[in-house]
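Novice: Dropping in coords37.txt, with compact mmCIF, C-alpha atoms.
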# COMPACT_ATOMS: atom_id res chain seq x y z
CA MET A 3 -43.12 -10.31 30.13
CA LYS A 4 -39.61 -8.90 29.67
CA LEU A 5 -37.56 -6.73 31.99
CA TYR A 6 -34.73 -4.69 30.44
CA GLY A 7 -32.17 -4.03 33.16
CA ASP A 8 -28.67 -4.17 34.60
CA ALA A 9 -27.98 -6.16 37.75
CA ILE A 10 -25.88 -3.34 39.24
CA SER A 11 -28.86 -0.99 39.26
CA GLY A 12 -31.03 -0.76 42.37
CA ASN A 13 -33.84 0.59 40.22
CA CYS A 14 -33.80 -2.66 38.23
CA TYR A 15 -33.45 -4.81 41.36
CA LYS A 16 -36.63 -3.27 42.83
CA VAL A 17 -38.70 -4.59 39.96
CA GLN A 18 -36.96 -7.95 40.02
CA LEU A 19 -37.65 -8.28 43.77
CA LEU A 20 -41.35 -7.50 43.35
CA LEU A 21 -41.68 -9.92 40.41
CA GLU A 22 -40.14 -12.66 42.55
CA GLN A 23 -42.36 -11.85 45.50
CA ILE A 24 -45.56 -11.88 43.48
CA GLN A 25 -44.26 -14.96 41.64
CA ARG A 26 -44.60 -13.58 38.13
CA PRO A 27 -42.27 -15.20 35.60
CA PHE A 28 -40.25 -12.86 33.37
CA ASP A 29 -37.33 -12.75 30.97
CA TRP A 30 -34.39 -10.55 31.92
CA ILE A 31 -32.91 -8.61 28.98
CA PRO A 32 -29.46 -7.39 30.03
CA ILE A 33 -28.59 -3.77 29.23
CA ASP A 34 -25.02 -3.00 30.16
CA LEU A 35 -24.79 0.38 31.88
CA ALA A 36 -20.98 0.19 32.05
CA SER A 37 -20.73 0.21 28.24
CA SER A 38 -23.62 2.74 27.92
CA GLY A 39 -25.88 0.05 26.47
CA ASN A 40 -28.79 2.22 27.59
CA ARG A 41 -27.68 5.00 25.21
CA THR A 42 -27.46 2.92 22.03
CA GLY A 43 -29.84 3.44 19.14
CA HIS A 44 -31.50 0.08 19.74
CA PHE A 45 -32.30 0.72 23.37
CA LEU A 46 -33.37 4.31 22.68
CA GLN A 47 -36.14 2.77 20.57
CA VAL A 48 -37.25 0.94 23.69
CA ASN A 49 -36.98 4.01 25.95
CA PRO A 50 -36.19 7.41 24.39
CA ASN A 51 -35.16 8.67 27.84
CA GLY A 52 -32.36 6.07 27.84
CA GLU A 53 -33.17 4.81 31.33
CA ILE A 54 -33.56 1.30 32.71
CA PRO A 55 -35.53 -0.62 33.86
CA VAL A 56 -38.21 -0.97 31.20
CA LEU A 57 -41.00 -3.55 31.47
CA GLU A 58 -42.30 -4.95 28.20
CA LEU A 59 -45.65 -6.69 28.29
CA ASP A 60 -46.41 -9.73 26.15
CA ASP A 61 -48.33 -7.55 23.67
CA GLY A 62 -45.26 -5.30 23.23
CA ARG A 63 -46.47 -2.31 25.24
CA ARG A 64 -43.83 -0.87 27.53
CA ILE A 65 -43.59 0.95 30.85
CA ALA A 66 -40.50 2.87 31.99
CA GLU A 67 -39.59 4.32 35.41
CA SER A 68 -38.97 1.75 38.12
CA ASN A 69 -41.59 3.05 40.51
CA ALA A 70 -44.28 3.30 37.82
CA ILE A 71 -43.52 -0.33 36.96
CA LEU A 72 -43.85 -1.28 40.65
CA CYS A 73 -47.28 0.41 40.80
CA TYR A 74 -48.43 -1.36 37.65
CA LEU A 75 -47.30 -4.81 38.80
CA ALA A 76 -48.50 -4.37 42.38
CA GLU A 77 -52.04 -3.42 41.51
CA ALA A 78 -54.50 -5.79 43.15
CA THR A 79 -51.72 -7.78 44.83
CA GLY A 80 -51.70 -6.35 48.36
CA PHE A 81 -48.31 -4.75 47.71
CA LEU A 82 -50.25 -1.60 46.76
CA PRO A 83 -53.29 -1.11 49.01
CA ASP A 84 -56.61 -0.15 47.38
CA ASP A 85 -57.65 2.51 49.90
CA SER A 86 -57.11 5.99 48.41
CA PHE A 87 -55.32 7.55 51.36
CA THR A 88 -53.12 4.52 51.99
CA LYS A 89 -52.21 4.38 48.30
CA ALA A 90 -51.33 8.08 48.44
CA GLN A 91 -48.96 7.37 51.34
CA VAL A 92 -47.26 4.62 49.35
CA LEU A 93 -46.90 7.01 46.40
CA GLN A 94 -45.54 9.70 48.74
CA TRP A 95 -42.69 7.39 49.71
CA LEU A 96 -42.13 6.33 46.08
CA PHE A 97 -41.69 9.98 45.05
CA PHE A 98 -39.54 10.65 48.11
CA GLU A 99 -37.34 7.76 47.00
CA GLN A 100 -36.90 9.22 43.53
CA ASN A 101 -36.31 12.86 44.47
CA SER A 102 -34.78 12.81 47.99
CA HIS A 103 -33.08 9.42 48.29
CA GLN A 104 -31.99 7.78 45.03
CA PRO A 105 -30.27 10.88 43.53
CA PHE A 106 -28.02 11.02 46.60
CA VAL A 107 -27.73 7.58 48.18
CA ALA A 108 -27.46 5.77 44.85
CA SER A 109 -25.26 8.45 43.26
CA ALA A 110 -22.81 8.36 46.17
CA ARG A 111 -22.63 4.58 45.81
CA TYR A 112 -22.02 4.95 42.09
CA ILE A 113 -19.13 7.36 42.70
CA VAL A 114 -17.53 5.25 45.44
CA HIS A 115 -18.35 1.70 44.39
CA HIS A 116 -18.37 1.84 40.60
CA LEU A 117 -16.13 4.82 39.77
CA ARG A 118 -13.75 4.14 42.71
CA ARG A 119 -14.05 7.63 44.15
CA PRO A 120 -12.08 9.83 41.72
CA VAL A 121 -10.66 13.00 43.26
CA ARG A 122 -12.44 15.24 40.75
CA LEU A 123 -15.80 14.08 42.12
CA GLU A 124 -14.94 14.55 45.81
CA GLN A 125 -16.94 17.73 46.31
CA LYS A 126 -19.93 16.29 44.48
CA LEU A 127 -19.64 13.17 46.63
CA GLN A 128 -19.73 15.26 49.81
CA GLU A 129 -22.90 17.02 48.63
CA LYS A 130 -24.49 13.66 47.77
CA MET A 131 -23.55 12.27 51.21
CA GLU A 132 -25.08 15.22 53.04
CA SER A 133 -28.41 14.98 51.23
CA GLY A 134 -28.28 11.19 51.40
CA TYR A 135 -27.87 11.27 55.19
CA HIS A 136 -30.84 13.62 55.41
CA ALA A 137 -32.99 11.06 53.55
CA LEU A 138 -31.76 8.20 55.74
CA GLU A 139 -32.53 10.23 58.87
CA VAL A 140 -36.07 10.92 57.66
CA MET A 141 -36.53 7.18 57.08
CA ASP A 142 -35.03 6.17 60.44
CA ARG A 143 -37.23 8.63 62.33
CA HIS A 144 -40.31 7.37 60.51
CA LEU A 145 -39.46 3.75 61.28
CA ARG A 146 -38.86 4.24 65.01
CA ASP A 147 -42.44 3.27 65.86
CA ARG A 148 -43.36 1.38 62.71
CA VAL A 149 -42.73 -2.04 61.22
CA PHE A 150 -42.98 -0.96 57.57
CA PHE A 151 -43.37 2.42 55.86
CA VAL A 152 -47.14 2.52 55.42
CA ASN A 153 -49.68 1.11 57.87
CA ASP A 154 -47.22 -1.50 59.12
CA GLN A 155 -47.90 -3.44 55.93
CA TYR A 156 -45.15 -4.54 53.53
CA THR A 157 -45.72 -2.62 50.28
CA ILE A 158 -43.86 -1.41 47.22
CA ALA A 159 -42.83 1.62 49.31
CA ASP A 160 -40.60 -0.75 51.30
CA ILE A 161 -39.31 -2.45 48.16
CA ALA A 162 -38.46 0.86 46.46
CA LEU A 163 -36.66 2.27 49.51
CA TYR A 164 -34.92 -0.98 50.32
CA ALA A 165 -33.17 -1.24 46.94
CA TYR A 166 -30.54 1.47 47.40
CA THR A 167 -30.69 1.68 51.21
CA HIS A 168 -29.45 -1.85 51.85
CA VAL A 169 -26.32 -1.18 49.77
CA ALA A 170 -25.80 2.39 51.03
CA GLU A 171 -22.67 1.28 52.89
CA GLU A 172 -21.06 0.68 49.48
CA GLY A 173 -21.44 4.44 49.02
CA GLY A 174 -19.73 5.15 52.33
CA PHE A 175 -22.85 5.70 54.46
CA ASP A 176 -22.65 4.49 58.05
CA LEU A 177 -25.97 2.74 58.64
CA GLU A 178 -25.08 1.93 62.27
CA ARG A 179 -26.33 5.44 63.03
CA PHE A 180 -29.83 4.32 62.14
CA PRO A 181 -30.97 1.43 64.35
CA ALA A 182 -34.64 1.53 63.33
CA LEU A 183 -33.65 1.46 59.70
CA LEU A 184 -31.32 -1.52 60.26
CA LYS A 185 -34.13 -3.50 61.87
CA TRP A 186 -36.40 -2.66 58.94
CA LEU A 187 -33.76 -3.92 56.48
CA GLU A 188 -33.82 -7.26 58.30
CA ARG A 189 -37.61 -7.39 58.19
CA VAL A 190 -37.55 -6.86 54.41
CA GLN A 191 -34.93 -9.59 54.04
CA SER A 192 -37.15 -12.05 55.87
CA ARG A 193 -40.16 -11.60 53.57
CA PRO A 194 -41.33 -14.62 51.53
CA HIS A 195 -39.57 -15.08 48.17
CA TYR A 196 -36.96 -12.44 49.00
CA VAL A 197 -34.01 -12.50 46.59
CA PRO A 198 -30.79 -10.62 47.26
CA MET A 199 -29.51 -8.03 44.83
CA ASN A 200 -27.17 -9.32 42.13
CA ARG A 201 -27.47 -12.89 43.35
CA GLY A 202 -31.10 -13.65 42.64
CA ARG A 203 -32.53 -15.27 39.59
CA LEU A 204 -32.03 -12.81 36.77
CA GLY A 205 -34.25 -14.40 34.16
CA GLN A 206 -33.09 -16.65 31.39
CA SER A 207 -30.53 -14.70 29.46
CA GLN A 208 -27.88 -13.65 31.95
CA GLU A 209 -25.49 -15.24 34.36
CA VAL A 210 -24.15 -12.93 37.01
CA ALA A 211 -20.48 -13.17 37.79
CA MET B 95 -58.80 20.98 52.86
CA LYS B 96 -55.56 22.92 53.33
CA LEU B 97 -52.57 23.27 51.04
CA TYR B 98 -49.25 24.29 52.61
CA GLY B 99 -47.19 25.95 49.90
CA ASP B 100 -45.19 28.84 48.49
CA ALA B 101 -46.36 30.59 45.33
CA ILE B 102 -42.86 30.60 43.86
CA SER B 103 -42.73 26.78 43.83
CA GLY B 104 -43.84 24.94 40.71
CA ASN B 105 -44.45 21.86 42.84
CA CYS B 106 -47.04 23.84 44.83
CA TYR B 107 -48.53 25.42 41.70
CA LYS B 108 -49.19 21.96 40.22
CA VAL B 109 -51.49 21.08 43.08
CA GLN B 110 -53.16 24.50 43.02
CA LEU B 111 -53.81 24.15 39.27
CA LEU B 112 -55.41 20.72 39.66
CA LEU B 113 -57.56 21.90 42.59
CA GLU B 114 -58.81 24.80 40.46
CA GLN B 115 -59.47 22.54 37.50
CA ILE B 116 -61.44 20.00 39.50
CA GLN B 117 -63.13 22.90 41.33
CA ARG B 118 -62.24 21.76 44.83
CA PRO B 119 -62.17 24.61 47.38
CA PHE B 120 -59.10 24.81 49.64
CA ASP B 121 -57.27 27.08 52.06
CA TRP B 122 -53.74 28.09 51.13
CA ILE B 123 -51.32 28.10 54.07
CA PRO B 124 -48.27 30.14 53.05
CA ILE B 125 -44.86 28.65 53.85
CA ASP B 126 -42.09 31.06 52.93
CA LEU B 127 -39.24 29.21 51.23
CA ALA B 128 -37.10 32.37 51.06
CA SER B 129 -36.96 32.57 54.88
CA SER B 130 -36.68 28.76 55.21
CA GLY B 131 -40.20 28.53 56.62
CA ASN B 132 -40.18 24.90 55.51
CA ARG B 133 -37.32 24.12 57.89
CA THR B 134 -38.88 25.53 61.08
CA GLY B 135 -39.91 23.30 63.95
CA HIS B 136 -43.58 24.01 63.33
CA PHE B 137 -43.51 22.98 59.69
CA LEU B 138 -41.30 19.97 60.41
CA GLN B 139 -44.21 18.67 62.50
CA VAL B 140 -46.31 18.89 59.35
CA ASN B 141 -43.69 17.27 57.11
CA PRO B 142 -40.51 15.85 58.68
CA ASN B 143 -38.85 15.92 55.26
CA GLY B 144 -39.25 19.73 55.26
CA GLU B 145 -40.73 19.84 51.77
CA ILE B 146 -43.75 21.63 50.37
CA PRO B 147 -46.46 21.21 49.19
CA VAL B 148 -48.37 19.27 51.84
CA LEU B 149 -52.10 18.58 51.53
CA GLU B 150 -54.02 18.40 54.82
CA LEU B 151 -57.44 16.75 54.70
CA ASP B 152 -60.33 17.99 56.83
CA ASP B 153 -59.75 15.13 59.29
CA GLY B 154 -56.11 16.22 59.77
CA ARG B 155 -54.45 13.47 57.75
CA ARG B 156 -51.69 14.70 55.47
CA ILE B 157 -50.07 13.81 52.16
CA ALA B 158 -46.67 15.13 51.06
CA GLU B 159 -44.95 15.01 47.64
CA SER B 160 -46.63 17.06 44.93
CA ASN B 161 -47.15 14.18 42.52
CA ALA B 162 -48.57 11.87 45.20
CA ILE B 163 -51.03 14.66 46.05
CA LEU B 164 -51.96 14.97 42.36
CA CYS B 165 -52.67 11.21 42.20
CA TYR B 166 -54.81 11.36 45.33
CA LEU B 167 -56.87 14.33 44.18
CA ALA B 168 -57.21 13.13 40.59
CA GLU B 169 -58.58 9.71 41.44
CA ALA B 170 -61.96 9.19 39.75
CA THR B 171 -61.86 12.62 38.11
CA GLY B 172 -60.69 11.77 34.59
CA PHE B 173 -57.37 13.52 35.27
CA LEU B 174 -56.05 10.07 36.22
CA PRO B 175 -57.47 7.35 33.95
CA ASP B 176 -58.70 4.12 35.55
CA ASP B 177 -57.19 1.70 33.05
CA SER B 178 -54.09 0.02 34.54
CA PHE B 179 -51.74 0.53 31.62
CA THR B 180 -52.84 4.11 30.97
CA LYS B 181 -52.43 4.90 34.67
CA ALA B 182 -48.94 3.39 34.55
CA GLN B 183 -48.06 5.71 31.67
CA VAL B 184 -49.25 8.72 33.66
CA LEU B 185 -47.15 7.55 36.60
CA GLN B 186 -44.17 7.04 34.29
CA TRP B 187 -44.27 10.72 33.32
CA LEU B 188 -44.82 11.79 36.95
CA PHE B 189 -41.65 9.94 37.99
CA PHE B 190 -39.80 11.27 34.94
CA GLU B 191 -40.81 14.76 36.05
CA GLN B 192 -39.39 14.22 39.53
CA ASN B 193 -36.12 12.52 38.60
CA SER B 194 -35.23 13.78 35.10
CA HIS B 195 -36.90 17.18 34.79
CA GLN B 196 -37.58 19.04 38.05
CA PRO B 197 -34.08 18.53 39.57
CA PHE B 198 -32.58 20.24 36.50
CA VAL B 199 -35.16 22.55 34.92
CA ALA B 200 -36.46 23.86 38.26
CA SER B 201 -33.01 24.01 39.86
CA ALA B 202 -31.58 26.02 36.95
CA ARG B 203 -34.51 28.43 37.31
CA TYR B 204 -33.85 28.70 41.03
CA ILE B 205 -30.17 29.55 40.45
CA VAL B 206 -30.91 32.10 37.70
CA HIS B 207 -34.24 33.59 38.75
CA HIS B 208 -34.14 33.47 42.53
CA LEU B 209 -30.43 33.46 43.38
CA ARG B 210 -29.54 35.77 40.44
CA ARG B 211 -26.91 33.45 38.99
CA PRO B 212 -23.99 33.69 41.44
CA VAL B 213 -20.58 32.93 39.90
CA ARG B 214 -19.86 30.15 42.43
CA LEU B 215 -22.81 28.16 41.02
CA GLU B 216 -21.91 28.59 37.35
CA GLN B 217 -20.57 25.08 36.85
CA LYS B 218 -23.52 23.54 38.67
CA LEU B 219 -25.84 25.65 36.50
CA GLN B 220 -24.22 24.33 33.32
CA GLU B 221 -24.73 20.74 34.51
CA LYS B 222 -28.36 21.49 35.35
CA MET B 223 -28.88 23.08 31.92
CA GLU B 224 -27.44 20.09 30.09
CA SER B 225 -29.65 17.57 31.89
CA GLY B 226 -32.60 19.97 31.70
CA TYR B 227 -32.25 20.24 27.92
CA HIS B 228 -32.17 16.45 27.69
CA ALA B 229 -35.52 16.27 29.53
CA LEU B 230 -37.05 19.00 27.34
CA GLU B 231 -35.88 17.16 24.21
CA VAL B 232 -37.46 13.91 25.41
CA MET B 233 -40.73 15.79 25.98
CA ASP B 234 -40.62 17.61 22.63
CA ARG B 235 -39.97 14.38 20.73
CA HIS B 236 -42.82 12.65 22.53
CA LEU B 237 -45.21 15.53 21.76
CA ARG B 238 -44.43 15.72 18.03
CA ASP B 239 -47.35 13.46 17.17
CA ARG B 240 -49.42 13.84 20.30
CA VAL B 241 -51.80 16.39 21.80
CA PHE B 242 -51.10 15.53 25.44
CA PHE B 243 -48.65 13.19 27.15
CA VAL B 244 -50.82 10.10 27.58
CA ASN B 245 -53.47 8.93 25.10
CA ASP B 246 -54.08 12.50 23.86
CA GLN B 247 -56.05 13.11 27.03
CA TYR B 248 -55.29 15.95 29.46
CA THR B 249 -54.12 14.31 32.71
CA ILE B 250 -52.04 15.07 35.78
CA ALA B 251 -48.98 14.07 33.71
CA ASP B 252 -49.52 17.27 31.73
CA ILE B 253 -50.12 19.33 34.87
CA ALA B 254 -46.98 18.01 36.57
CA LEU B 255 -44.75 18.61 33.54
CA TYR B 256 -46.31 21.98 32.72
CA ALA B 257 -45.48 23.51 36.12
CA TYR B 258 -41.73 23.98 35.68
CA THR B 259 -41.63 23.75 31.86
CA HIS B 260 -43.71 26.86 31.24
CA VAL B 261 -41.31 28.96 33.34
CA ALA B 262 -38.14 27.24 32.08
CA GLU B 263 -37.12 30.41 30.23
CA GLU B 264 -36.65 32.03 33.65
CA GLY B 265 -33.89 29.46 34.10
CA GLY B 266 -32.26 30.42 30.81
CA PHE B 267 -33.69 27.60 28.67
CA ASP B 268 -34.52 28.51 25.07
CA LEU B 269 -37.91 26.92 24.46
CA GLU B 270 -38.01 28.13 20.84
CA ARG B 271 -35.96 25.02 20.08
CA PHE B 272 -38.96 22.89 20.95
CA PRO B 273 -41.94 23.73 18.72
CA ALA B 274 -44.08 20.73 19.72
CA LEU B 275 -43.53 21.55 23.35
CA LEU B 276 -44.52 25.20 22.82
CA LYS B 277 -47.80 24.15 21.20
CA TRP B 278 -48.50 21.83 24.10
CA LEU B 279 -47.92 24.67 26.57
CA GLU B 280 -50.61 26.65 24.74
CA ARG B 281 -52.99 23.72 24.84
CA VAL B 282 -52.56 23.41 28.61
CA GLN B 283 -53.17 27.15 29.00
CA SER B 284 -56.45 26.87 27.14
CA ARG B 285 -57.92 24.19 29.43
CA PRO B 286 -61.04 25.07 31.45
CA HIS B 287 -60.37 26.72 34.83
CA TYR B 288 -56.69 27.21 34.03
CA VAL B 289 -54.98 29.62 36.45
CA PRO B 290 -51.54 31.08 35.81
CA MET B 291 -48.70 30.51 38.25
CA ASN B 292 -48.34 33.13 40.96
CA ARG B 293 -51.34 35.07 39.71
CA GLY B 294 -54.16 32.64 40.34
CA ARG B 295 -56.37 32.45 43.39
CA LEU B 296 -54.13 31.32 46.25
CA GLY B 297 -56.75 30.43 48.81
CA GLN B 298 -57.92 32.71 51.56
CA SER B 299 -54.86 33.56 53.57
CA GLN B 300 -52.40 35.07 51.14
CA GLU B 301 -52.26 37.95 48.72
CA VAL B 302 -49.56 37.67 46.12
CA ALA B 303 -47.56 40.82 45.40
Would you write the structure of this file as C-alpha cells?
Specialist:
Amino acid sequence: MKLYGDAISGNCYKVQLLLEQIQRPFDWIPIDLASSGNRTGHFLQVNPNGEIPVLELDDGRRIAESNAILCYLAEATGFLPDDSFTKAQVLQWLFFEQNSHQPFVASARYIVHHLRRPVRLEQKLQEKMESGYHALEVMDRHLRDRVFFVNDQYTIADIALYAYTHVAEEGGFDLERFPALLKWLERVQSRPHYVPMNRGRLGQSQEVA
Amino acid sequence: MKLYGDAISGNCYKVQLLLEQIQRPFDWIPIDLASSGNRTGHFLQVNPNGEIPVLELDDGRRIAESNAILCYLAEATGFLPDDSFTKAQVLQWLFFEQNSHQPFVASARYIVHHLRRPVRLEQKLQEKMESGYHALEVMDRHLRDRVFFVNDQYTIADIALYAYTHVAEEGGFDLERFPALLKWLERVQSRPHYVPMNRGRLGQSQEVA
C-alpha cells in the first residue's frame, strides 16, 4: 500500500495517523506541495483533481480524498462503527470537517504559517478566522459533555478533526478559549500508537527535516 | 421522517431527490434561508452548526450534512454499493463535491442568482468561478468514457454532484463547454422517480411559489 502525500498537510497526516493506529504498513510517496508537485503531469495521472493524499492499493487501484480514504481503511476496525446511525454521525463530522472546518482553519494556517501572512491576503485571512472560530465553537460545545465526537468512542471523526485543530494555533487561533476542545486534543494524543504530525514515521522514502 | 430544508438549496434538493427515488415518504419542514431561519434559536437546537438539511428520524434522532444523510438513506438500496472499494469511490466523489465543487459552483450561483451579483463581491465571484470551472472540468473529463461517476452505476455520487451542477448556469457557468457532463445531466434526469429542483413534491407543509 502506498500513500502519496506531503508532511505539511493535515489531510495527509490524518491518513498516516490512522494507518499507524491500525498498524497497517505503507510506503510514503512524497509529493511536494511547495513546488506544486501535485500539479505536475505525473501526479495528475494519479489524481486528475491534483489533490493529496491518494492511497494506492497493492493492485494499483487508487482512492483520493482524505476522509474517503479514512472510511475505506477504518472499515471493520472499530474506528468506523458498523451501526447505521452511528456511522452516519461519524460521516456527519467528516463532512463538517471538509466544508466547515478545513477550508477555514487549515487555510488560515496556510496563510499565516506557510505564506507568512502577506498583507494582500489580510482580508481573506480575517474571513477565514471568523468561519474557523465558528467551527471550533461548534466542536467545543459538542465536546463539553462528551469524551469523543461520536458515542464517546474514538473514531475517524476524531482523527479527521484532530489533524488541523491541533495545529490551529499556527494559524493564529487562540485555543485557550475552548477548554473542552483542549481536553479532547489531549485524549487523542494519549491513544495507542499515536504519532505526532511531521515527526512520525513517514514511510520508507522520506526523511523529515 | 422529517427533512428540514429550503427549496432553494441544492444540498436540500439532493436529499429530497434520493427520498423520491427510493420512494420513502417524508415531511418537509421549511427553513427559510433568506430570513436566516437556520440561525434562529429554535433551529440551532436542531443543528448547532446552523446548516440545512437535517434529517429527523421518527424516534427523534437527527443527522446533519447532506452527504452523510445520503449515505444513511442509501444504505442497502443499491444507491450506495456494498463493495468496500466501490463505496470508497462513491465517498471520494461525495467529499470532492463538498470541498471542490459546492463551495465554488453553489457559491457563485448564490452571488449571481440570489444576491444579484453585487459589485462588492465581483472579485470573490471571479475566484469562485475559476475554482468552479476546475471542478466542472474534472467531472467532464471523468465522464468522457463513463455513464455515471462510479462503475457506470447510478449512485448517490451522481445525485450529490447533480444538485448544484444542473443549475450551474444560474451562477454564470457555461456548461456548453462540457459535452460529457451535459449528457450525464440528461441521464440523471431520465432516472425513475426523478423530480426537478424546486418543482418536485416538497412534503406536506410547503407549497412552492
Novice: Calculate how many Å separate CA of Leu188 (chain B) from CA of Ile250 (chain B), rounding to one decimal.
Specialist: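 Distance between the two atoms: 8.0 Å.
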Novice: Between CA of Glu139 (chain A) and CA of Gly154 (chain B), what distance in Å does the model show, to one decimal?
Specialist: 24.3 Å
Novice: What is the CA of Ala254 (chain B) to CA of Pro286 (chain B) distance in Å?
Specialist: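 Separation of CA of Ala254 (chain B) and CA of Pro286 (chain B): 16.5 Å.
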Novice: For each of A:Asp176, A:Glu129, A:Asp160, A:Asp8, take the minimum atom-to-atom distance to Arg193 (chain A), counting all atoms listed in the file, then give the residue where this is smallest.
Specialist: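 Between A:Asp176, A:Glu129, A:Asp160, A:Asp8, the residue approaching Arg193 (chain A) most closely is A:Asp160.
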Novice: Go through B:Glu280, B:Glu224, B:Glu169, B:Asp234 one by one, measure the shortest atom-to-atom distance of each to chain A using all atoms listed in the file, and give the residue with the smallest value.
Specialist: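 For chain A, the nearest of the candidates is B:Glu169.
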Novice: Excluding region 192-199 of chain B and its own-chain neighbours fewer than 4 positions away, which residues fall within 8 Å of it when counting only C-alpha atoms? Please give them as a count of residues only.
Specialist: 17
Novice: Can you tell me which residues surround Val114 (chain A) at a distance of at most 12 Å, considering only C-alpha atoms, apart from same-chain residues fewer than 6 positions away, and format the answer as a list in words?
Specialist: Val107, Ala108, Pro120, Val121, Leu123, Glu124, Lys126, Leu127, Gln128, Lys130, Met131, Val169, Ala170, Glu171, Glu172, Gly173, Gly174 and Phe175 of chain A
Novice: Given only C-alpha atoms as the basis, pick out the residue of A:Gln18, A:Gln25, A:Asn49, A:Gln94 nearest to chain B.
Specialist: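 Checking each candidate against chain B, we get A:Gln94 as the closest.
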Novice: For chain B, which residue out of A:His136, A:His116, A:His195, A:Arg26 is the nearest one, using only C-alpha atoms?
Specialist: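 Between A:His136, A:His116, A:His195, A:Arg26, the residue approaching chain B most closely is A:His136.
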